[in-house]
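A.B. asks: Okay, so here is data_38.txt, and as you'll see once you scroll down, it has compact mmCIF, C-alpha atoms.
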```txt
# COMPACT_ATOMS: atom_id res chain seq x y z
CA GLU A 1 4.55 22.00 18.17
CA ILE A 2 3.20 18.75 16.70
CA GLY A 3 6.65 17.55 15.61
CA TYR A 4 7.93 15.87 12.46
CA PRO A 5 7.06 14.06 10.28
CA VAL A 6 4.00 15.97 9.07
CA LEU A 7 1.59 15.42 6.20
CA VAL A 8 1.11 18.56 4.11
CA ARG A 9 -1.50 19.15 1.41
CA PRO A 10 -3.53 21.89 -0.25
CA SER A 11 -6.99 22.13 1.32
CA TYR A 12 -8.78 21.35 -1.96
CA VAL A 13 -6.93 18.09 -2.64
CA LEU A 14 -8.56 15.05 -4.24
CA GLY A 15 -6.86 11.69 -4.68
CA GLY A 16 -3.94 12.85 -2.55
CA ARG A 17 -2.84 15.33 -5.23
CA ALA A 18 0.24 17.31 -4.10
CA MET A 19 0.23 15.59 -0.69
CA GLN A 20 3.64 14.90 0.80
CA ILE A 21 5.17 13.56 4.00
CA VAL A 22 7.72 16.09 5.24
CA TYR A 23 10.44 15.11 7.70
CA ASN A 24 12.22 18.39 8.49
CA GLN A 25 12.04 22.19 8.42
CA ALA A 26 14.04 22.62 5.21
CA ASP A 27 11.76 20.28 3.23
CA LEU A 28 8.66 21.97 4.67
CA GLU A 29 9.92 25.38 3.51
CA LYS A 30 10.68 23.91 0.07
CA TYR A 31 7.18 22.47 -0.16
CA MET A 32 5.59 25.78 0.78
CA ARG A 33 7.65 27.61 -1.86
CA GLU A 34 7.29 25.19 -4.75
CA ALA A 35 4.53 22.64 -4.40
CA VAL A 36 1.63 25.04 -3.77
CA VAL A 37 2.44 27.67 -6.39
CA ALA A 38 -0.51 26.50 -8.47
CA SER A 39 -3.02 27.84 -5.94
CA PRO A 40 -1.43 30.40 -3.59
CA GLU A 41 -4.76 31.78 -2.38
CA ARG A 42 -5.79 28.49 -0.74
CA PRO A 43 -4.60 27.36 2.71
CA VAL A 44 -2.24 24.44 3.24
CA LEU A 45 -3.18 21.78 5.79
CA VAL A 46 -0.44 20.47 8.08
CA ASP A 47 -1.29 17.23 9.89
CA HIS A 48 0.62 15.19 12.42
CA TYR A 49 1.71 11.99 10.64
CA LEU A 50 0.98 8.82 12.60
CA ILE A 51 3.01 5.74 11.72
CA GLY A 52 0.80 2.70 12.02
CA GLN A 53 -1.51 0.13 10.45
CA GLU A 54 -4.23 1.53 8.21
CA LEU A 55 -7.76 0.15 7.91
CA GLU A 56 -10.79 1.11 5.86
CA VAL A 57 -14.52 0.70 6.37
CA ASP A 58 -17.46 1.27 4.02
CA ALA A 59 -20.85 1.49 5.70
CA ILE A 60 -24.48 2.21 4.78
CA CYS A 61 -26.69 4.35 6.99
CA ASP A 62 -30.38 5.21 6.57
CA GLY A 63 -30.38 7.68 9.47
CA GLU A 64 -31.02 4.93 12.02
CA THR A 65 -29.46 1.59 11.09
CA VAL A 66 -25.73 1.49 10.30
CA LEU A 67 -24.82 -1.57 8.24
CA ILE A 68 -21.08 -2.37 8.11
CA PRO A 69 -20.43 -5.03 5.43
CA GLY A 70 -16.76 -5.41 6.32
CA ILE A 71 -13.42 -4.05 7.47
CA MET A 72 -10.46 -3.96 5.06
CA GLU A 73 -6.91 -4.17 6.40
CA HIS A 74 -4.20 -2.45 4.35
CA ILE A 75 -0.91 -4.24 3.78
CA GLU A 76 1.02 -0.97 3.43
CA ARG A 77 1.24 1.15 6.57
CA ALA A 78 -0.15 4.68 6.76
CA GLY A 79 1.53 7.03 4.29
CA VAL A 80 0.59 5.13 1.12
CA HIS A 81 -2.69 6.35 -0.42
CA SER A 82 -5.54 3.94 0.28
CA GLY A 83 -6.18 3.59 -3.46
CA ASP A 84 -2.60 2.35 -3.94
CA SER A 85 -2.60 -0.03 -0.97
CA ILE A 86 -3.18 -3.76 -1.03
CA ALA A 87 -6.33 -4.36 1.04
CA VAL A 88 -7.31 -7.63 2.71
CA TYR A 89 -10.79 -8.80 3.73
CA PRO A 90 -11.42 -9.96 6.36
CA PRO A 91 -8.61 -8.39 8.45
CA GLN A 92 -5.93 -10.92 9.41
CA ASN A 93 -4.15 -9.15 12.26
CA LEU A 94 -6.82 -7.41 14.35
CA SER A 95 -7.81 -8.41 17.85
CA PRO A 96 -11.53 -8.73 18.69
CA GLU A 97 -11.16 -5.62 20.88
CA LEU A 98 -9.83 -3.50 17.99
CA ILE A 99 -12.57 -4.78 15.67
CA GLN A 100 -15.18 -3.85 18.27
CA THR A 101 -13.68 -0.36 18.62
CA ILE A 102 -13.73 0.19 14.84
CA GLU A 103 -17.35 -1.02 14.69
CA ASP A 104 -18.34 1.31 17.54
CA TYR A 105 -16.59 4.35 16.00
CA THR A 106 -18.18 3.70 12.60
CA ILE A 107 -21.70 3.52 14.06
CA ARG A 108 -21.24 6.65 16.16
CA VAL A 109 -19.74 8.68 13.30
CA ALA A 110 -22.38 7.62 10.74
CA GLN A 111 -25.25 8.39 13.11
CA GLY A 112 -23.63 11.55 14.48
CA LEU A 113 -23.25 13.00 10.98
CA ASN A 114 -26.89 12.11 10.14
CA THR A 115 -25.60 10.10 7.16
CA ILE A 116 -28.13 8.93 4.60
CA GLY A 117 -26.41 6.64 2.12
CA LEU A 118 -22.79 5.55 1.97
CA VAL A 119 -19.92 6.57 4.22
CA ASN A 120 -16.22 5.65 3.94
CA ILE A 121 -13.98 5.89 7.02
CA GLN A 122 -10.22 5.41 7.12
CA PHE A 123 -8.55 4.46 10.39
CA VAL A 124 -4.99 4.06 11.59
CA ILE A 125 -3.88 2.02 14.60
CA SER A 126 -0.80 3.62 16.12
CA GLU A 127 0.73 2.17 19.30
CA GLY A 128 -2.49 0.25 19.99
CA VAL A 129 -4.78 3.28 19.72
CA VAL A 130 -7.44 3.61 16.98
CA TYR A 131 -7.50 7.00 15.24
CA ILE A 132 -9.78 8.24 12.47
CA ILE A 133 -7.83 9.69 9.53
CA GLU A 134 -10.78 10.87 7.50
CA VAL A 135 -14.52 10.40 6.96
CA ASN A 136 -16.03 10.63 3.47
CA PRO A 137 -19.86 10.74 3.32
CA ARG A 138 -19.96 9.29 -0.20
CA ALA A 139 -19.18 6.22 -2.27
CA SER A 140 -15.56 5.10 -2.45
CA ARG A 141 -13.52 3.03 -4.88
CA THR A 142 -13.69 0.04 -2.49
CA ILE A 143 -17.50 -0.26 -2.78
CA PRO A 144 -17.30 -2.66 -5.79
CA PHE A 145 -14.67 -4.81 -4.03
CA LEU A 146 -16.57 -5.06 -0.75
CA SER A 147 -19.90 -5.63 -2.52
CA LYS A 148 -18.45 -8.51 -4.55
CA VAL A 149 -16.71 -10.29 -1.68
CA THR A 150 -19.58 -9.96 0.83
CA GLY A 151 -22.52 -10.35 -1.54
CA ILE A 152 -24.16 -7.21 -0.09
CA PRO A 153 -25.46 -4.85 -2.85
CA MET A 154 -24.11 -1.71 -1.20
CA ALA A 155 -24.93 0.86 -3.89
CA ASN A 156 -28.47 -0.51 -4.21
CA LEU A 157 -29.09 -0.43 -0.46
CA ALA A 158 -27.63 3.07 -0.14
CA MET A 159 -29.92 4.42 -2.84
CA GLN A 160 -32.92 2.76 -1.24
CA GLY A 161 -31.97 4.44 2.03
CA ILE A 162 -31.83 7.79 0.25
CA LEU A 163 -35.34 7.09 -1.09
CA GLY A 164 -36.61 6.40 2.44
CA ILE A 165 -36.60 2.57 2.43
CA LYS A 166 -35.25 1.43 5.79
CA LEU A 167 -32.52 -1.19 6.14
CA LYS A 168 -34.33 -2.95 8.98
CA ASN A 169 -37.30 -3.58 6.71
CA GLN A 170 -34.96 -5.53 4.41
CA GLY A 171 -33.60 -7.73 7.17
CA TYR A 172 -30.45 -5.77 8.04
CA ARG A 173 -29.43 -4.56 11.49
CA THR A 174 -26.86 -2.16 12.90
CA GLY A 175 -23.32 -3.50 13.23
CA LEU A 176 -20.58 -5.43 11.50
CA VAL A 177 -21.72 -8.29 9.27
CA PRO A 178 -19.97 -11.61 10.15
CA SER A 179 -17.04 -12.26 7.81
CA LYS A 180 -17.37 -14.64 4.88
CA SER A 181 -15.06 -17.64 4.65
CA GLY A 182 -11.86 -17.30 2.68
CA VAL A 183 -9.44 -14.42 2.19
CA TYR A 184 -9.90 -11.72 -0.46
CA VAL A 185 -7.14 -9.36 -1.62
CA LYS A 186 -7.70 -6.08 -3.45
CA MET A 187 -4.55 -5.46 -5.49
CA PRO A 188 -3.96 -2.05 -7.15
CA VAL A 189 -3.04 -1.96 -10.84
CA PHE A 190 -0.77 0.76 -12.24
CA SER A 191 -0.09 2.09 -15.73
CA PHE A 192 3.49 3.27 -15.22
CA ASN A 193 4.69 1.70 -18.47
CA LYS A 194 2.25 3.97 -20.32
CA LEU A 195 2.97 7.11 -18.28
CA LYS A 196 6.53 8.13 -19.03
CA LYS A 197 8.53 10.16 -16.48
CA VAL A 198 6.02 9.44 -13.67
CA ASP A 199 7.85 8.31 -10.53
CA THR A 200 6.57 4.91 -9.43
CA VAL A 201 7.27 5.44 -5.73
CA LEU A 202 4.14 5.03 -3.59
CA GLY A 203 3.09 7.78 -1.19
CA PRO A 204 0.12 9.95 -0.21
CA GLU A 205 -0.66 10.85 -3.84
CA MET A 206 -2.75 8.18 -5.59
CA LYS A 207 -1.24 6.68 -8.76
CA SER A 208 -3.16 3.45 -9.38
CA THR A 209 -5.55 3.17 -12.34
CA GLY A 210 -7.57 0.14 -11.27
CA GLU A 211 -7.57 -3.00 -9.13
CA ILE A 212 -8.15 -6.74 -9.23
CA ILE A 213 -9.19 -9.39 -6.68
CA GLY A 214 -7.35 -12.49 -5.51
CA LYS A 215 -9.30 -15.08 -3.49
CA ASP A 216 -8.27 -18.25 -1.68
CA ALA A 217 -8.55 -20.03 1.63
CA ILE A 218 -5.35 -18.50 3.06
CA LEU A 219 -3.67 -15.11 2.69
CA SER A 220 -0.45 -16.26 0.97
CA LYS A 221 -2.35 -18.00 -1.84
CA ALA A 222 -4.75 -15.07 -2.26
CA LEU A 223 -1.75 -12.73 -2.50
CA TYR A 224 -0.09 -14.99 -5.09
CA LYS A 225 -3.20 -14.94 -7.27
CA ALA A 226 -3.60 -11.18 -6.86
CA PHE A 227 0.02 -10.43 -7.84
CA ARG A 228 -0.27 -12.68 -10.90
CA ALA A 229 -3.58 -11.11 -11.93
CA ALA A 230 -1.98 -7.67 -11.64
CA ASN A 231 0.68 -8.85 -14.13
CA ILE A 232 3.41 -8.94 -11.48
CA GLU A 233 5.50 -11.99 -12.27
CA ILE A 234 6.85 -14.01 -9.34
CA PRO A 235 9.93 -15.91 -10.59
CA GLU A 236 10.83 -19.11 -8.73
CA TYR A 237 14.45 -17.97 -8.46
CA GLY A 238 16.75 -15.25 -9.76
CA THR A 239 18.40 -12.04 -8.64
CA ALA A 240 16.91 -9.25 -6.56
CA LEU A 241 18.34 -5.72 -6.40
CA LEU A 242 18.06 -4.00 -3.01
CA THR A 243 18.59 -0.26 -2.69
CA ILE A 244 17.26 0.83 0.66
CA ALA A 245 17.08 4.18 2.45
CA ASP A 246 18.88 4.48 5.79
CA LYS A 247 15.59 4.72 7.70
CA ASP A 248 14.54 1.28 6.36
CA LYS A 249 17.81 -0.68 6.60
CA HIS A 250 16.91 -2.40 9.87
CA GLU A 251 13.67 -3.67 8.30
CA ILE A 252 15.26 -5.07 5.15
CA LEU A 253 17.48 -7.54 7.01
CA PRO A 254 14.85 -10.21 7.81
CA LEU A 255 13.31 -9.79 4.34
CA ALA A 256 16.72 -10.27 2.70
CA LYS A 257 17.34 -13.45 4.69
CA ARG A 258 13.98 -14.81 3.53
CA LEU A 259 14.83 -13.96 -0.08
CA VAL A 260 18.02 -15.99 0.19
CA ALA A 261 16.06 -18.86 1.77
CA VAL A 262 13.79 -19.13 -1.29
CA GLY A 263 16.78 -19.24 -3.61
CA TYR A 264 17.45 -15.64 -4.60
CA ARG A 265 20.82 -14.06 -5.22
CA LEU A 266 21.10 -10.52 -3.86
CA LEU A 267 22.63 -7.41 -5.42
CA ALA A 268 22.76 -4.17 -3.46
CA THR A 269 24.08 -0.65 -3.57
CA LYS A 270 26.99 0.18 -1.26
CA GLY A 271 25.20 1.29 1.92
CA THR A 272 22.56 -1.43 1.72
CA GLY A 273 25.13 -4.09 0.87
CA GLU A 274 27.34 -3.20 3.82
CA ALA A 275 24.38 -3.42 6.20
CA LEU A 276 23.51 -6.86 4.80
CA LEU A 277 27.09 -8.15 5.06
CA GLU A 278 27.27 -6.95 8.65
CA ALA A 279 24.18 -9.08 9.34
CA HIS A 280 25.85 -12.06 7.59
CA VAL A 281 23.49 -11.99 4.59
CA PRO A 282 25.25 -13.03 1.33
CA VAL A 283 25.15 -10.15 -1.14
CA THR A 284 27.12 -8.72 -4.07
CA ILE A 285 27.79 -5.00 -3.67
CA LEU A 286 27.60 -3.00 -6.90
CA GLN A 287 30.29 -0.48 -7.71
CA ASN A 288 29.84 3.06 -6.46
CA GLY A 289 30.57 6.34 -8.18
CA GLU A 290 29.58 7.74 -11.56
CA ALA A 291 29.26 4.36 -13.28
CA LYS A 292 26.90 2.91 -10.66
CA ARG A 293 23.64 4.03 -12.27
CA GLU A 294 24.66 2.93 -15.77
CA ASN A 295 25.82 -0.45 -14.42
CA ILE A 296 22.51 -1.06 -12.64
CA LEU A 297 20.36 0.06 -15.58
CA LYS A 298 22.40 -2.15 -17.95
CA ARG A 299 21.88 -5.20 -15.73
CA MET A 300 18.14 -4.49 -15.58
CA HIS A 301 17.85 -4.01 -19.32
CA GLU A 302 19.74 -7.25 -20.06
CA GLY A 303 17.52 -9.34 -17.78
CA GLU A 304 20.04 -10.02 -15.01
CA ILE A 305 17.65 -8.69 -12.34
CA GLN A 306 14.22 -10.23 -11.74
CA PHE A 307 12.80 -7.72 -9.28
CA ILE A 308 13.77 -4.70 -7.18
CA ILE A 309 13.10 -3.38 -3.69
CA ASN A 310 13.77 0.35 -3.58
CA THR A 311 12.78 2.72 -0.80
CA MET A 312 13.17 6.47 -1.08
CA THR A 313 15.32 8.62 1.17
CA GLU A 314 13.30 10.96 3.40
CA GLY A 315 12.50 14.25 1.72
CA LYS A 316 14.21 13.38 -1.56
CA THR A 317 11.95 14.26 -4.50
CA GLU A 318 14.44 15.20 -7.20
CA GLU A 319 15.56 12.80 -9.93
CA THR A 320 18.01 10.62 -8.01
CA ASP A 321 19.53 7.26 -8.93
CA GLY A 322 16.47 5.68 -7.33
CA TYR A 323 14.15 7.54 -9.69
CA PHE A 324 15.99 6.26 -12.77
CA ILE A 325 16.01 2.71 -11.38
CA ARG A 326 12.26 2.85 -10.78
CA ARG A 327 11.59 4.23 -14.25
CA GLU A 328 13.81 1.61 -15.92
CA ALA A 329 11.92 -1.09 -14.01
CA ALA A 330 8.57 0.28 -15.22
CA ASP A 331 9.79 0.51 -18.81
CA ASN A 332 11.04 -3.11 -18.70
CA ASN A 333 8.03 -4.52 -16.82
CA LEU A 334 10.16 -5.48 -13.81
CA PRO A 335 8.47 -5.62 -10.38
CA CYS A 336 9.82 -2.67 -8.37
CA LEU A 337 8.52 -2.47 -4.81
CA THR A 338 8.87 0.88 -3.04
CA SER A 339 7.23 -0.19 0.22
CA LEU A 340 8.71 -2.85 2.49
CA ASP A 341 5.16 -3.86 3.43
CA THR A 342 4.46 -4.71 -0.23
CA ALA A 343 7.76 -6.63 -0.31
CA GLU A 344 6.64 -8.58 2.75
CA ALA A 345 3.37 -9.49 0.97
CA LEU A 346 5.23 -10.58 -2.16
CA LEU A 347 7.58 -12.69 -0.05
CA GLN A 348 4.63 -14.49 1.52
CA ALA A 349 3.46 -15.42 -1.98
CA MET A 350 6.99 -16.45 -3.03
CA GLU A 351 7.49 -18.61 0.06
CA MET A 352 4.16 -20.33 -0.46
CA MET A 353 5.09 -21.09 -4.07
CA HIS A 354 8.66 -22.16 -3.15
CA PHE A 355 7.67 -24.60 -0.43
CA GLN A 356 4.79 -26.01 -2.48
CA LEU A 357 7.12 -26.63 -5.42
CA GLN A 358 9.52 -28.37 -3.05
CA ALA A 359 6.70 -30.56 -1.76
CA VAL A 360 5.13 -31.63 -5.05
CA GLY A 361 7.92 -30.95 -7.57
CA THR A 362 5.60 -29.24 -10.04
CA GLU A 363 3.61 -26.06 -10.63
CA PRO A 364 1.55 -24.61 -7.76
CA ILE A 365 -1.84 -26.32 -7.45
CA PHE A 366 -4.79 -24.30 -6.17
```
Output the structure of this file as structure tokens.

C.D. replies:
Amino acid sequence: EIGYPVLVRPSYVLGGRAMQIVYNQADLEKYMREAVVASPERPVLVDHYLIGQELEVDAICDGETVLIPGIMEHIERAGVHSGDSIAVYPPQNLSPELIQTIEDYTIRVAQGLNTIGLVNIQFVISEGVVYIIEVNPRASRTIPFLSKVTGIPMANLAMQGILGIKLKNQGYRTGLVPSKSGVYVKMPVFSFNKLKKVDTVLGPEMKSTGEIIGKDAILSKALYKAFRAANIEIPEYGTALLTIADKDKHEILPLAKRLVAVGYRLLATKGTGEALLEAHVPVTILQNGEAKRENILKRMHEGEIQFIINTMTEGKTEETDGYFIRREAADNNLPCLTSLDTAEALLQAMEMMHFQLQAVGTEPIF
């Protein structure tokens, strides 16, 4: 009745454990048979999956005043766990009307739930409409990030509220605090090189083990600093491998053209390469058949490829060629992006660096 795709998960889930986006009946039946065996007595939740832009808010409520230190805009669209998403403060692509709606919903939810302390709310904007994904009346992993970038001691204020000390008596009022100058990026950090056999593809199940902050006056520079701090190298030039699922091929075309513009040579698997050639994007198509995987892994191991964009085919969870490519990238410390939104963010950083190097003929100066 609600239609595909759907988000399925055990009702007890934390950190997105065993959550999956399911695109058809066969994959739903497979999930019900295999993925929930560990706890058959518990119900499975089936949610309509909205494709859109995800946002996150942390607020403090003392039962009366609702203080909203800031709104964080996720780079990756809904479907990637919030802990694995790149988050930007203040939001760069929200209209004043959408910001006002998010502020209004946060105040009404916090007061309506009689919240005393912290509350975390995750939103998605789909086709211009603001939806609430979930409300967590507790601290979240973004509290340290938001506290640092805004200068508001959120944990301290929340505890004072719990002890009966009102926010208004400390000079705070209900509503969204005006944004600070500059752009701040929360970048997730992963430990895939230490966790063998773990698939690096991003999805509803959280896989990050920490985060860092990049700060600058503009988004592209803040992203550059964040990627570097997360130990993701951004080579000035080189070769990129593109292996893209059919559902994403129309989105890779403008990204591929931008990669060529900053001086990259492109390699691609057969289907992706043909789509690029049809769009007049220069690309070398790798051989197909049994030797394809070995050929790609050999090129990666020998340093012929500087980074990879790989998106997963809908419903595919078994160990495919893509899985082995992602694992080889993790084992060789090669950037492997499994979300086109992350690739877009990396390209912004690469373009900033490329054009600055062209302008000054030296290393980037911040």

A.B. asks: As an exercise, work out the distance from CA of Ile132 in chain A to CA of Ile116 in chain A in Å and give it to one decimal place.

C.D. replies: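 Pair CA of Ile132 in chain A / CA of Ile116 in chain A returns 20.0 Å.
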
A.B. asks: Closest to Ile296 in chain A among A:Ile107, A:Leu340, A:Ala240, A:Val260, using all atoms listed in the file?

C.D. replies: A:Ala240

A.B. asks: How close does each residue of range 52-80 of chain A get to range 86-91 of chain A, giving the shortest atom pair and distance in Å to one decimal for every residue with an atom at most 8 Å away, counting only C-alpha atoms, sorted by chain and residue number, as JSON lines?

C.D. replies:
```
{"residue": "A:Gly70", "atom": "CA", "partner": "A:Pro90", "partner_atom": "CA", "distance": 7.0}
{"residue": "A:Ile71", "atom": "CA", "partner": "A:Pro90", "partner_atom": "CA", "distance": 6.3}
{"residue": "A:Met72", "atom": "CA", "partner": "A:Tyr89", "partner_atom": "CA", "distance": 5.0}
{"residue": "A:Glu73", "atom": "CA", "partner": "A:Pro91", "partner_atom": "CA", "distance": 5.0}
{"residue": "A:His74", "atom": "CA", "partner": "A:Ala87", "partner_atom": "CA", "distance": 4.4}
{"residue": "A:Ile75", "atom": "CA", "partner": "A:Ile86", "partner_atom": "CA", "distance": 5.3}
{"residue": "A:Glu76", "atom": "CA", "partner": "A:Ile86", "partner_atom": "CA", "distance": 6.7}
```

A.B. asks: From the set A:Val6, A:Ala18, A:Ala245, A:Ala222, which residue has the shortest atom-to-atom contact distance to Val183 in chain A, counting all atoms listed in the file?

C.D. replies: A:Ala222

A.B. asks: In terms of the shortest atom-to-atom distance over only C-alpha atoms, which of A:Ile60, A:Met187, A:Ala349, A:Met312 is closest to Gly203 in chain A?

C.D. replies: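 Distance minimum relative to Gly203 in chain A lands on A:Met312.
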
A.B. asks: Give me the residues near His81 in chain A as a list of chain:residue names, where near means some atom within 7 Å (using all atoms listed in the file) and where sequence neighbours in that chain fewer than 5 positions away do not count.

C.D. replies: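 Neighbouring residues, sequence-local ones excluded: A:Gly16, A:Gly203, A:Pro204, A:Glu205, A:Met206.
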
A.B. asks: Taking all atoms listed in the file into account, which of A:Leu346, A:Ile213, A:Leu28, A:Val130 comes nearest Leu259 in chain A?

C.D. replies: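 Residue with the minimum atom-to-atom distance to Leu259 in chain A: A:Leu346.
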
A.B. asks: Of the candidates A:Ala78, A:Ile244, A:Leu219, A:Met352, which one gets nearest to Ile308 in chain A if we count all atoms listed in the file?

C.D. replies: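 Comparing A:Ala78, A:Ile244, A:Leu219, A:Met352 against Ile308 in chain A, the winner is A:Ile244.
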
A.B. asks: Show me, as a VMD selection string, the residues that have an atom within 9 Å of Ala155 in chain A when counting all atoms listed in the file, minus same-chain residues fewer than 3 positions from it.

C.D. replies: chain A and resid 60 117 to 118 139 143 to 144 147 152 158 to 160
